file query.pdb (PDB, C-alpha atoms, pLDDT in the B column)
MODEL        1
ATOM      1  CA  LYS A   1     -32.025   6.466 -11.129  1.00 65.00           C
ATOM      2  CA  ILE A   2     -28.250   6.687 -11.086  1.00 70.00           C
ATOM      3  CA  LEU A   3     -25.714   3.881 -10.724  1.00 75.00           C
ATOM      4  CA  VAL A   4     -22.240   4.618  -9.412  1.00 79.00           C
ATOM      5  CA  CYS A   5     -19.980   1.530  -9.360  1.00 79.00           C
ATOM      6  CA  SER A   6     -16.824   1.244  -7.270  1.00 80.00           C
ATOM      7  CA  ILE A   7     -14.369  -1.356  -8.622  1.00 78.00           C
ATOM      8  CA  ARG A   8     -12.058  -2.996  -6.084  1.00 76.00           C
ATOM      9  CA  GLN A   9      -9.435  -5.754  -5.977  1.00 70.00           C
ATOM     10  CA  SER A  10     -12.053  -8.363  -5.075  1.00 74.00           C
ATOM     11  CA  ASP A  11     -13.721  -7.596  -8.410  1.00 76.00           C
ATOM     12  CA  VAL A  12     -10.413  -8.231 -10.191  1.00 75.00           C
ATOM     13  CA  THR A  13     -10.107 -11.601  -8.430  1.00 74.00           C
ATOM     14  CA  ILE A  14     -13.645 -12.547  -9.420  1.00 74.00           C
ATOM     15  CA  LYS A  15     -13.025 -11.450 -13.011  1.00 74.00           C
ATOM     16  CA  ARG A  16      -9.928 -13.637 -13.295  1.00 75.00           C
ATOM     17  CA  LYS A  17     -11.412 -16.743 -11.690  1.00 78.00           C
ATOM     18  CA  LYS A  18     -15.059 -16.644 -12.755  1.00 75.00           C
ATOM     19  CA  ILE A  19     -15.021 -16.034 -16.488  1.00 72.00           C
ATOM     20  CA  TRP A  20     -18.763 -16.710 -16.774  1.00 69.00           C
ATOM     21  CA  LEU A  21     -19.293 -13.320 -15.114  1.00 69.00           C
ATOM     22  CA  TYR A  22     -17.570 -11.458 -17.989  1.00 69.00           C
ATOM     23  CA  LEU A  23     -21.006 -10.789 -19.448  1.00 71.00           C
ATOM     24  CA  PHE A  24     -21.742  -8.359 -16.633  1.00 71.00           C
ATOM     25  CA  ILE A  25     -18.751  -6.091 -17.382  1.00 70.00           C
ATOM     26  CA  PRO A  26     -20.202  -4.432 -20.517  1.00 74.00           C
ATOM     27  CA  ILE A  27     -23.603  -4.301 -18.815  1.00 71.00           C
ATOM     28  CA  ILE A  28     -22.146  -2.426 -15.844  1.00 69.00           C
ATOM     29  CA  LYS A  29     -20.210  -0.105 -18.144  1.00 67.00           C
ATOM     30  CA  LYS A  30     -23.306   0.590 -20.212  1.00 71.00           C
ATOM     31  CA  PHE A  31     -25.724   1.323 -17.384  1.00 69.00           C
ATOM     32  CA  SER A  32     -23.379   2.923 -14.857  1.00 68.00           C
ATOM     33  CA  THR A  33     -23.591   6.687 -14.642  1.00 70.00           C
ATOM     34  CA  SER A  34     -20.110   6.823 -13.104  1.00 80.00           C
ATOM     35  CA  LEU A  35     -17.315   4.368 -12.331  1.00 80.00           C
ATOM     36  CA  ILE A  36     -14.710   4.607  -9.578  1.00 84.00           C
ATOM     37  CA  SER A  37     -11.533   2.497  -9.539  1.00 82.00           C
ATOM     38  CA  LEU A  38      -9.420   2.261  -6.421  1.00 77.00           C
ATOM     39  CA  ASN A  39      -6.133   2.384  -8.345  1.00 75.00           C
ATOM     40  CA  PRO A  40      -4.800   2.506 -11.950  1.00 77.00           C
ATOM     41  CA  SER A  41      -4.129  -1.241 -12.196  1.00 74.00           C
ATOM     42  CA  ILE A  42      -7.765  -2.009 -11.326  1.00 76.00           C
ATOM     43  CA  ARG A  43      -8.972   0.513 -13.894  1.00 79.00           C
ATOM     44  CA  ASP A  44      -6.736  -1.025 -16.549  1.00 77.00           C
ATOM     45  CA  GLU A  45      -7.820  -4.562 -15.624  1.00 76.00           C
ATOM     46  CA  PHE A  46     -11.374  -3.655 -16.545  1.00 71.00           C
ATOM     47  CA  ALA A  47     -10.333  -1.402 -19.450  1.00 66.00           C
ATOM     48  CA  VAL A  48     -12.470   1.355 -17.998  1.00 57.00           C
ATOM     49  CA  LYS A  49     -10.303   4.246 -19.107  1.00 53.00           C
ATOM     50  CA  ASP A  50     -12.902   6.880 -18.241  1.00 67.00           C
ATOM     51  CA  SER A  51     -13.401   5.770 -14.648  1.00 75.00           C
ATOM     52  CA  SER A  52     -12.325   8.074 -11.836  1.00 83.00           C
ATOM     53  CA  ILE A  53      -9.487   6.869  -9.633  1.00 83.00           C
ATOM     54  CA  ILE A  54     -10.094   7.571  -5.961  1.00 83.00           C
ATOM     55  CA  GLY A  55      -8.197   5.830  -3.191  1.00 79.00           C
ATOM     56  CA  ASN A  56      -9.041   5.528   0.483  1.00 82.00           C
ATOM     57  CA  GLY A  57      -8.315   8.189   3.063  1.00 87.00           C
ATOM     58  CA  ILE A  58      -6.107   7.973   6.159  1.00 91.00           C
ATOM     59  CA  ASP A  59      -6.633   8.930   9.776  1.00 91.00           C
ATOM     60  CA  ASP A  60      -5.716  12.523  10.619  1.00 90.00           C
ATOM     61  CA  ILE A  61      -3.203  11.351  13.239  1.00 93.00           C
ATOM     62  CA  PHE A  62      -0.831  10.279  10.445  1.00 94.00           C
ATOM     63  CA  LEU A  63      -1.041  13.730   8.857  1.00 89.00           C
ATOM     64  CA  THR A  64       0.293  15.622  11.864  1.00 86.00           C
ATOM     65  CA  GLU A  65       3.691  17.294  11.634  1.00 79.00           C
ATOM     66  CA  ARG A  66       6.683  15.031  12.088  1.00 70.00           C
ATOM     67  CA  SER A  67       8.750  16.359  14.980  1.00 58.00           C
ATOM     68  CA  VAL A  68      12.086  14.717  14.183  1.00 53.00           C
ATOM     69  CA  GLU A  69      13.668  13.958  10.807  1.00 55.00           C
ATOM     70  CA  LYS A  70      15.092  10.450  11.134  1.00 54.00           C
ATOM     71  CA  ILE A  71      18.314   9.587   9.360  1.00 51.00           C
ATOM     72  CA  GLY A  72      19.892   6.135   9.552  1.00 50.00           C
ATOM     73  CA  ASP A  73      22.333   5.640  12.437  1.00 53.00           C
ATOM     74  CA  ASN A  74      25.900   4.612  11.606  1.00 61.00           C
ATOM     75  CA  GLY A  75      25.059   3.896   7.998  1.00 74.00           C
ATOM     76  CA  ARG A  76      22.332   1.397   8.920  1.00 87.00           C
ATOM     77  CA  THR A  77      18.916   1.598   7.299  1.00 94.00           C
ATOM     78  CA  LYS A  78      15.836   0.850   9.368  1.00 95.00           C
ATOM     79  CA  LEU A  79      13.071  -0.823   7.396  1.00 97.00           C
ATOM     80  CA  ILE A  80       9.533  -1.111   8.703  1.00 98.00           C
ATOM     81  CA  TYR A  81       6.794  -3.519   7.612  1.00 98.00           C
ATOM     82  CA  VAL A  82       3.183  -3.016   8.697  1.00 98.00           C
ATOM     83  CA  GLY A  83       0.605  -5.644   7.800  1.00 96.00           C
ATOM     84  CA  ARG A  84      -0.828  -9.043   8.564  1.00 95.00           C
ATOM     85  CA  LEU A  85       1.564 -11.983   8.595  1.00 97.00           C
ATOM     86  CA  ILE A  86       0.179 -13.818   5.573  1.00 95.00           C
ATOM     87  CA  ARG A  87       1.890 -15.427   2.609  1.00 94.00           C
ATOM     88  CA  ARG A  88       0.894 -12.974  -0.124  1.00 93.00           C
ATOM     89  CA  LYS A  89       2.454 -10.075   1.776  1.00 96.00           C
ATOM     90  CA  ASN A  90       5.838 -11.820   1.534  1.00 97.00           C
ATOM     91  CA  ILE A  91       7.031 -11.190   5.070  1.00 97.00           C
ATOM     92  CA  ASP A  92       9.078 -14.400   4.792  1.00 95.00           C
ATOM     93  CA  PHE A  93      11.079 -12.798   1.959  1.00 97.00           C
ATOM     94  CA  LEU A  94      12.019  -9.899   4.249  1.00 96.00           C
ATOM     95  CA  ILE A  95      12.904 -12.263   7.078  1.00 95.00           C
ATOM     96  CA  ASP A  96      15.311 -14.047   4.745  1.00 94.00           C
ATOM     97  CA  PHE A  97      16.680 -10.787   3.327  1.00 96.00           C
ATOM     98  CA  VAL A  98      17.566  -8.877   6.486  1.00 94.00           C
ATOM     99  CA  PRO A  99      19.915 -11.449   8.112  1.00 91.00           C
ATOM    100  CA  LYS A 100      21.962 -11.664   4.913  1.00 92.00           C
ATOM    101  CA  TYR A 101      22.699  -7.939   5.227  1.00 92.00           C
ATOM    102  CA  ARG A 102      22.940  -7.833   9.007  1.00 88.00           C
ATOM    103  CA  ALA A 103      25.507  -5.031   9.000  1.00 88.00           C
ATOM    104  CA  ASP A 104      23.323  -2.738   6.907  1.00 92.00           C
ATOM    105  CA  PHE A 105      19.697  -3.211   7.924  1.00 94.00           C
ATOM    106  CA  ASP A 106      17.319  -3.442  10.844  1.00 95.00           C
ATOM    107  CA  LEU A 107      13.694  -4.454  10.393  1.00 97.00           C
ATOM    108  CA  THR A 108      10.640  -3.663  12.499  1.00 97.00           C
ATOM    109  CA  VAL A 109       7.583  -5.812  11.802  1.00 98.00           C
ATOM    110  CA  VAL A 110       4.186  -4.599  12.999  1.00 98.00           C
ATOM    111  CA  GLY A 111       1.373  -7.112  12.647  1.00 97.00           C
ATOM    112  CA  SER A 112       0.193 -10.575  13.593  1.00 96.00           C
ATOM    113  CA  GLY A 113      -0.888 -13.750  11.861  1.00 94.00           C
ATOM    114  CA  VAL A 114      -4.422 -14.812  11.036  1.00 84.00           C
ATOM    115  CA  LYS A 115      -4.372 -18.587  10.747  1.00 86.00           C
ATOM    116  CA  GLN A 116      -1.919 -20.586  12.825  1.00 89.00           C
ATOM    117  CA  ASP A 117      -0.109 -23.112  10.617  1.00 93.00           C
ATOM    118  CA  THR A 118       3.383 -24.423   9.926  1.00 95.00           C
ATOM    119  CA  TRP A 119       4.285 -21.419   7.771  1.00 96.00           C
ATOM    120  CA  LEU A 120       3.183 -18.875  10.387  1.00 96.00           C
ATOM    121  CA  ASN A 121       4.876 -20.794  13.196  1.00 96.00           C
ATOM    122  CA  LYS A 122       8.195 -20.552  11.353  1.00 96.00           C
ATOM    123  CA  VAL A 123       7.698 -16.851  10.610  1.00 96.00           C
ATOM    124  CA  GLU A 124       6.969 -16.089  14.263  1.00 96.00           C
ATOM    125  CA  ARG A 125      10.002 -18.092  15.433  1.00 95.00           C
ATOM    126  CA  ASP A 126      12.259 -16.224  13.016  1.00 95.00           C
ATOM    127  CA  LEU A 127      10.852 -12.864  14.109  1.00 95.00           C
ATOM    128  CA  GLU A 128      11.652 -13.669  17.732  1.00 94.00           C
ATOM    129  CA  ASN A 129      15.122 -15.110  17.128  1.00 94.00           C
ATOM    130  CA  LEU A 130      16.717 -12.658  14.668  1.00 94.00           C
ATOM    131  CA  SER A 131      18.856 -10.058  16.430  1.00 90.00           C
ATOM    132  CA  ASN A 132      18.209  -7.251  13.937  1.00 93.00           C
ATOM    133  CA  VAL A 133      14.448  -7.803  13.710  1.00 96.00           C
ATOM    134  CA  THR A 134      11.888  -6.371  16.130  1.00 96.00           C
ATOM    135  CA  HIS A 135       8.339  -7.737  16.152  1.00 97.00           C
ATOM    136  CA  LYS A 136       5.365  -5.817  17.517  1.00 97.00           C
ATOM    137  CA  PRO A 137       2.120  -7.781  16.965  1.00 96.00           C
ATOM    138  CA  TYR A 138      -0.093  -4.751  17.565  1.00 95.00           C
ATOM    139  CA  LEU A 139       0.308  -0.998  18.006  1.00 97.00           C
ATOM    140  CA  THR A 140      -2.195   1.755  18.664  1.00 96.00           C
ATOM    141  CA  PRO A 141      -2.262   4.464  15.948  1.00 94.00           C
ATOM    142  CA  ASP A 142      -0.246   6.922  18.051  1.00 94.00           C
ATOM    143  CA  ASN A 143       2.428   4.297  18.781  1.00 96.00           C
ATOM    144  CA  LEU A 144       2.482   3.272  15.126  1.00 97.00           C
ATOM    145  CA  VAL A 145       3.187   6.897  14.234  1.00 96.00           C
ATOM    146  CA  LYS A 146       6.183   6.811  16.584  1.00 94.00           C
ATOM    147  CA  GLU A 147       7.519   3.622  14.966  1.00 96.00           C
ATOM    148  CA  LEU A 148       7.112   5.071  11.471  1.00 96.00           C
ATOM    149  CA  ASP A 149       8.924   8.239  12.561  1.00 95.00           C
ATOM    150  CA  ALA A 150      11.826   6.133  13.834  1.00 94.00           C
ATOM    151  CA  ALA A 151      12.207   4.301  10.505  1.00 95.00           C
ATOM    152  CA  ASP A 152      13.892   5.194   7.214  1.00 95.00           C
ATOM    153  CA  ILE A 153      11.953   3.206   4.598  1.00 97.00           C
ATOM    154  CA  PHE A 154       8.572   1.498   4.626  1.00 98.00           C
ATOM    155  CA  ILE A 155       8.328  -1.835   2.811  1.00 98.00           C
ATOM    156  CA  LEU A 156       5.337  -4.038   2.043  1.00 97.00           C
ATOM    157  CA  PRO A 157       6.195  -6.284  -0.948  1.00 96.00           C
ATOM    158  CA  SER A 158       2.670  -7.652  -1.148  1.00 94.00           C
ATOM    159  CA  PHE A 159       1.082  -9.453  -4.089  1.00 90.00           C
ATOM    160  CA  ASN A 160      -2.449  -8.470  -5.164  1.00 79.00           C
ATOM    161  CA  GLU A 161      -2.670  -5.507  -2.808  1.00 82.00           C
ATOM    162  CA  THR A 162      -5.944  -3.641  -3.359  1.00 74.00           C
ATOM    163  CA  TRP A 163      -4.779  -0.274  -2.140  1.00 79.00           C
ATOM    164  CA  GLY A 164      -2.671  -0.628   0.964  1.00 86.00           C
ATOM    165  CA  ILE A 165      -3.646   2.195   3.292  1.00 90.00           C
ATOM    166  CA  VAL A 166      -0.415   1.596   5.236  1.00 95.00           C
ATOM    167  CA  TYR A 167       1.580   2.921   2.267  1.00 96.00           C
ATOM    168  CA  LEU A 168      -0.240   6.241   2.572  1.00 94.00           C
ATOM    169  CA  GLU A 169       0.186   6.321   6.346  1.00 96.00           C
ATOM    170  CA  ALA A 170       3.939   5.818   5.919  1.00 97.00           C
ATOM    171  CA  MET A 171       4.133   8.468   3.179  1.00 96.00           C
ATOM    172  CA  ALA A 172       2.354  10.921   5.449  1.00 95.00           C
ATOM    173  CA  ARG A 173       5.173  10.434   7.961  1.00 96.00           C
ATOM    174  CA  GLY A 174       7.725  11.237   5.248  1.00 94.00           C
ATOM    175  CA  LEU A 175       8.816   7.665   4.539  1.00 96.00           C
ATOM    176  CA  PRO A 176       9.701   6.430   1.055  1.00 97.00           C
ATOM    177  CA  VAL A 177       7.728   3.253   0.332  1.00 98.00           C
ATOM    178  CA  ILE A 178       8.621  -0.003  -1.427  1.00 98.00           C
ATOM    179  CA  TYR A 179       5.854  -2.075  -3.026  1.00 96.00           C
ATOM    180  CA  MET A 180       5.288  -4.618  -5.782  1.00 95.00           C
ATOM    181  CA  HIS A 181       4.977  -3.546  -9.400  1.00 92.00           C
ATOM    182  CA  GLY A 182       1.441  -3.561 -10.830  1.00 85.00           C
ATOM    183  CA  THR A 183      -0.450  -3.660  -7.561  1.00 82.00           C
ATOM    184  CA  GLY A 184      -1.733  -1.332  -4.838  1.00 79.00           C
ATOM    185  CA  ILE A 185      -0.507   2.236  -5.250  1.00 88.00           C
ATOM    186  CA  ASP A 186       1.797   1.462  -8.199  1.00 89.00           C
ATOM    187  CA  GLY A 187       1.131   3.978 -10.984  1.00 85.00           C
ATOM    188  CA  TYR A 188      -1.085   6.187  -8.829  1.00 85.00           C
ATOM    189  CA  PHE A 189       1.391   9.039  -8.421  1.00 91.00           C
ATOM    190  CA  GLY A 190       3.204  11.056 -11.056  1.00 90.00           C
ATOM    191  CA  LYS A 191       6.394  11.561  -9.071  1.00 95.00           C
ATOM    192  CA  THR A 192       8.621   9.032  -7.332  1.00 96.00           C
ATOM    193  CA  ILE A 193       7.473   8.003  -3.858  1.00 97.00           C
ATOM    194  CA  GLY A 194       9.913   5.126  -3.362  1.00 97.00           C
ATOM    195  CA  GLY A 195      10.213   2.135  -5.650  1.00 96.00           C
ATOM    196  CA  ALA A 196       8.370  -0.814  -7.163  1.00 96.00           C
ATOM    197  CA  LEU A 197       9.818  -4.317  -7.113  1.00 96.00           C
ATOM    198  CA  LYS A 198       9.287  -6.115 -10.407  1.00 94.00           C
ATOM    199  CA  THR A 199      10.731  -9.329  -9.008  1.00 94.00           C
ATOM    200  CA  LEU A 200      11.003 -10.584  -5.461  1.00 95.00           C
ATOM    201  CA  ASP A 201      14.739 -11.070  -5.056  1.00 95.00           C
ATOM    202  CA  ASN A 202      17.573  -9.567  -3.032  1.00 96.00           C
ATOM    203  CA  ASP A 203      19.302  -7.806  -5.919  1.00 96.00           C
ATOM    204  CA  SER A 204      16.105  -6.015  -6.968  1.00 96.00           C
ATOM    205  CA  LEU A 205      15.439  -4.868  -3.417  1.00 97.00           C
ATOM    206  CA  ILE A 206      18.994  -3.586  -2.948  1.00 96.00           C
ATOM    207  CA  GLU A 207      18.700  -1.692  -6.236  1.00 96.00           C
ATOM    208  CA  VAL A 208      15.468  -0.003  -5.143  1.00 97.00           C
ATOM    209  CA  ILE A 209      16.891   0.883  -1.723  1.00 96.00           C
ATOM    210  CA  ASP A 210      20.034   2.381  -3.300  1.00 95.00           C
ATOM    211  CA  SER A 211      17.859   4.490  -5.603  1.00 96.00           C
ATOM    212  CA  ILE A 212      15.866   5.751  -2.613  1.00 96.00           C
ATOM    213  CA  ARG A 213      19.049   6.649  -0.746  1.00 94.00           C
ATOM    214  CA  LYS A 214      20.346   8.676  -3.688  1.00 94.00           C
ATOM    215  CA  ASN A 215      17.096  10.593  -4.139  1.00 95.00           C
ATOM    216  CA  ARG A 216      15.830  10.597  -0.562  1.00 94.00           C
ATOM    217  CA  THR A 217      15.258  14.349  -0.152  1.00 94.00           C
ATOM    218  CA  GLU A 218      13.122  14.582  -3.288  1.00 96.00           C
ATOM    219  CA  ILE A 219      11.200  11.377  -2.508  1.00 97.00           C
ATOM    220  CA  VAL A 220      10.402  12.444   1.064  1.00 95.00           C
ATOM    221  CA  ALA A 221       9.064  15.775  -0.231  1.00 95.00           C
ATOM    222  CA  ASN A 222       6.914  13.957  -2.802  1.00 96.00           C
ATOM    223  CA  CYS A 223       5.513  11.588  -0.169  1.00 96.00           C
ATOM    224  CA  ARG A 224       4.547  14.392   2.157  1.00 93.00           C
ATOM    225  CA  GLU A 225       2.979  16.440  -0.615  1.00 94.00           C
ATOM    226  CA  TYR A 226       0.912  13.595  -2.058  1.00 94.00           C
ATOM    227  CA  SER A 227      -0.291  12.418   1.351  1.00 92.00           C
ATOM    228  CA  LYS A 228      -2.077  15.728   1.904  1.00 89.00           C
ATOM    229  CA  SER A 229      -4.695  14.617  -0.631  1.00 88.00           C
ATOM    230  CA  PHE A 230      -5.775  11.704   1.540  1.00 89.00           C
ATOM    231  CA  TYR A 231      -7.638  13.410   4.324  1.00 89.00           C
ATOM    232  CA  TRP A 232     -10.967  11.592   4.521  1.00 88.00           C
ATOM    233  CA  ARG A 233     -12.819  14.872   4.127  1.00 87.00           C
ATOM    234  CA  ILE A 234     -11.137  15.362   0.738  1.00 87.00           C
ATOM    235  CA  ILE A 235     -11.909  11.783  -0.369  1.00 87.00           C
ATOM    236  CA  VAL A 236     -15.544  12.171   0.699  1.00 89.00           C
ATOM    237  CA  ARG A 237     -15.786  15.462  -1.162  1.00 89.00           C
ATOM    238  CA  ASP A 238     -14.422  13.906  -4.363  1.00 88.00           C
ATOM    239  CA  ILE A 239     -16.877  11.001  -4.192  1.00 86.00           C
ATOM    240  CA  PHE A 240     -19.746  13.372  -3.413  1.00 88.00           C
ATOM    241  CA  ASP A 241     -18.806  15.458  -6.481  1.00 88.00           C
ATOM    242  CA  ILE A 242     -19.083  12.341  -8.662  1.00 84.00           C
ATOM    243  CA  TYR A 243     -22.594  11.680  -7.369  1.00 81.00           C
ATOM    244  CA  GLN A 244     -23.536  15.310  -7.920  1.00 84.00           C
ATOM    245  CA  LYS A 245     -22.266  15.229 -11.525  1.00 81.00           C
ATOM    246  CA  SER A 246     -24.082  11.939 -12.127  1.00 77.00           C
ATOM    247  CA  ILE A 247     -27.337  13.460 -10.874  1.00 77.00           C
ATOM    248  CA  LYS A 248     -26.812  16.520 -13.056  1.00 76.00           C
ATOM    249  CA  ASN A 249     -26.068  14.443 -16.155  1.00 73.00           C
ATOM    250  CA  LYS A 250     -29.239  12.444 -15.582  1.00 67.00           C
ATOM    251  CA  ASN A 251     -31.232  15.653 -15.055  1.00 58.00           C
ATOM    252  CA  ILE A 252     -32.576  14.362 -11.753  1.00 53.00           C
TER     253      ILE A 252
ENDMDL
END

call {"tool": "encode", "arguments": {"input": "query.pdb", "output": "structure tokens"}}
result
Amino acid sequence: KILVCSIRQSDVTIKRKKIWLYLFIPIIKKFSTSLISLNPSIRDEFAVKDSSIIGNGIDDIFLTERSVEKIGDNGRTKLIYVGRLIRRKNIDFLIDFVPKYRADFDLTVVGSGVKQDTWLNKVERDLENLSNVTHKPYLTPDNLVKELDAADIFILPSFNETWGIVYLEAMARGLPVIYMHGTGIDGYFGKTIGGALKTLDNDSLIEVIDSIRKNRTEIVANCREYSKSFYWRIIVRDIFDIYQKSIKNKNI
């Protein structure tokens, strides 16, 4: 028999909260033929340095050629957020940020809330009332591609993001991406694909955006190049190869 274990963010959460399950970590490491971590931070959390790192794939529609190269109009930068409207994704931080720099930024928010409460009610009111914010609760994949192509920078400053497939979808459209340090795709790529926020404050975000503006041509090229590795057929092939090697090593 072979045992291939895939380690995901939910496993990290369990490890941090349920310390009585620590006993199973060395057992899994000992008896697993192969280990797969979704990203480097998950691998490091479990100190499984020899595990393979394989992310999720993206739909082919995001990997089509981009017809128009979008550059900010009149010096304005169009940010786009794609994700559920929940606290850990920090959409409220963006809603507070954009009005303070009204002359410089526009924000498109794609996504809806999950649980109606006081926090979500305020977020939805702000999304509807801010002049430089556009809210689209849901978009089909082809319409999402159009919105990404009309934007300059993708931003999802989410805490505890497992992988964040939307980062890859944005990269495939040639968008630099902004994310939180130590989570999701942070550390996955060797070259710059945007910027990681170490702290959630306006000055840090402005600094990352300025860095992207200065190095935009290089970053866009990196994003497009890296995204080519995330066709599902390539991901499936890589996982299949791990199973094949595991079988071979076990002489099955």

call {"tool": "residues_around", "arguments": {"input": "query.pdb", "residues": "Val110 (chain A)", "least_positions_apart": "4", "cutoff": "10 Å", "atoms": "all atoms listed in the file", "output": "ChimeraX atom specification"}}
result
/A:80-85,134-139,144,147

call {"tool": "residues_around", "arguments": {"input": "query.pdb", "residues": "Leu127 (chain A)", "least_positions_apart": "5", "cutoff": "10 Å", "atoms": "only C-alpha atoms", "output": "JSON, numbers by chain"}}
result
{"A": [91, 92, 95, 107, 108, 109, 121, 122, 132, 133, 134, 135, 136]}

call {"tool": "resolve_selection", "arguments": {"input": "query.pdb", "expression": "the PyMOL selection byres ((chain A and resi 160-163) around 8)", "output": "list of chain:residue names"}}
result
A:Arg8, A:Gln9, A:Ser10, A:Leu38, A:Asn39, A:Gly55, A:Asn56, A:Arg88, A:Ser158, A:Phe159, A:Gly164, A:Ile165, A:Thr183, A:Gly184, A:Ile185

call {"tool": "closest_residue", "arguments": {"input": "query.pdb", "among": "A:Phe240, A:Ser41, A:Ala103, A:Ile19", "to": "His181 (chain A)", "atoms": "all atoms listed in the file"}}
result
A:Ser41

call {"tool": "atom_distance", "arguments": {"input": "query.pdb", "atom1": "CA of Asn129 (chain A)", "atom2": "CA of Pro99 (chain A)"}}
result
10.8 Å

call {"tool": "residues_near_point", "arguments": {"input": "query.pdb", "point": "(-11.2, 16.8, -1.4)", "cutoff": "12 Å", "atoms": "only C-alpha atoms", "output": "PyMOL selection string"}}
result
chain A and resi 54-57+228-242

call {"tool": "write_last_selection", "arguments": {"input": "query.pdb", "atoms": "C-alpha atoms", "output": "PDB file, keeping the file's coordinate frame"}}
result
ATOM      1  CA  ILE A  54     -10.094   7.571  -5.961  1.00 83.00           C
ATOM      2  CA  GLY A  55      -8.197   5.830  -3.191  1.00 79.00           C
ATOM      3  CA  ASN A  56      -9.041   5.528   0.483  1.00 82.00           C
ATOM      4  CA  GLY A  57      -8.315   8.189   3.063  1.00 87.00           C
ATOM      5  CA  LYS A 228      -2.077  15.728   1.904  1.00 89.00           C
ATOM      6  CA  SER A 229      -4.695  14.617  -0.631  1.00 88.00           C
ATOM      7  CA  PHE A 230      -5.775  11.704   1.540  1.00 89.00           C
ATOM      8  CA  TYR A 231      -7.638  13.410   4.324  1.00 89.00           C
ATOM      9  CA  TRP A 232     -10.967  11.592   4.521  1.00 88.00           C
ATOM     10  CA  ARG A 233     -12.819  14.872   4.127  1.00 87.00           C
ATOM     11  CA  ILE A 234     -11.137  15.362   0.738  1.00 87.00           C
ATOM     12  CA  ILE A 235     -11.909  11.783  -0.369  1.00 87.00           C
ATOM     13  CA  VAL A 236     -15.544  12.171   0.699  1.00 89.00           C
ATOM     14  CA  ARG A 237     -15.786  15.462  -1.162  1.00 89.00           C
ATOM     15  CA  ASP A 238     -14.422  13.906  -4.363  1.00 88.00           C
ATOM     16  CA  ILE A 239     -16.877  11.001  -4.192  1.00 86.00           C
ATOM     17  CA  PHE A 240     -19.746  13.372  -3.413  1.00 88.00           C
ATOM     18  CA  ASP A 241     -18.806  15.458  -6.481  1.00 88.00           C
ATOM     19  CA  ILE A 242     -19.083  12.341  -8.662  1.00 84.00           C
TER      20      ILE A 242
END

call {"tool": "closest_residue", "arguments": {"input": "query.pdb", "among": "A:Arg216, A:Arg125, A:Lys15, A:Lys89", "to": "Gly195 (chain A)", "atoms": "all atoms listed in the file"}}
result
A:Arg216

call {"tool": "decode", "arguments": {"input": "query.pdb", "residues": "region 176-210 of chain A", "atoms": "C-alpha atoms", "output": "compact mmCIF listing (two decimals), in the first residue's frame"}}
result
# COMPACT_ATOMS: atom_id res chain seq x y z
CA PRO A 176 0.41 42.20 -10.42
CA VAL A 177 -1.06 40.86 -7.17
CA ILE A 178 -0.99 42.12 -3.58
CA TYR A 179 -1.40 39.63 -0.73
CA MET A 180 -0.51 39.18 2.93
CA HIS A 181 2.94 38.05 3.99
CA GLY A 182 3.23 34.41 5.10
CA THR A 183 -0.01 33.15 3.62
CA GLY A 184 -1.44 31.87 0.33
CA ILE A 185 0.98 32.22 -2.57
CA ASP A 186 3.63 34.12 -0.56
CA GLY A 187 7.02 32.48 -1.13
CA TYR A 188 5.77 30.23 -3.93
CA PHE A 189 7.48 32.07 -6.78
CA GLY A 190 11.12 32.95 -7.25
CA LYS A 191 10.53 36.24 -9.03
CA THR A 192 8.40 39.22 -8.04
CA ILE A 193 4.71 38.91 -8.92
CA GLY A 194 3.49 41.95 -6.99
CA GLY A 195 3.98 42.50 -3.29
CA ALA A 196 3.30 41.10 0.18
CA LEU A 197 1.89 43.25 2.96
CA LYS A 198 3.59 42.58 6.27
CA THR A 199 1.20 44.89 8.10
CA LEU A 200 -2.30 46.01 7.24
CA ASP A 201 -1.93 49.77 7.08
CA ASN A 202 -2.15 52.52 4.47
CA ASP A 203 1.56 53.33 4.36
CA SER A 204 2.51 49.69 3.71
CA LEU A 205 -0.04 49.40 0.92
CA ILE A 206 1.11 52.62 -0.74
CA GLU A 207 4.71 51.39 -0.56
CA VAL A 208 3.82 48.10 -2.26
CA ILE A 209 1.78 49.85 -4.96
CA ASP A 210 4.63 52.29 -5.68
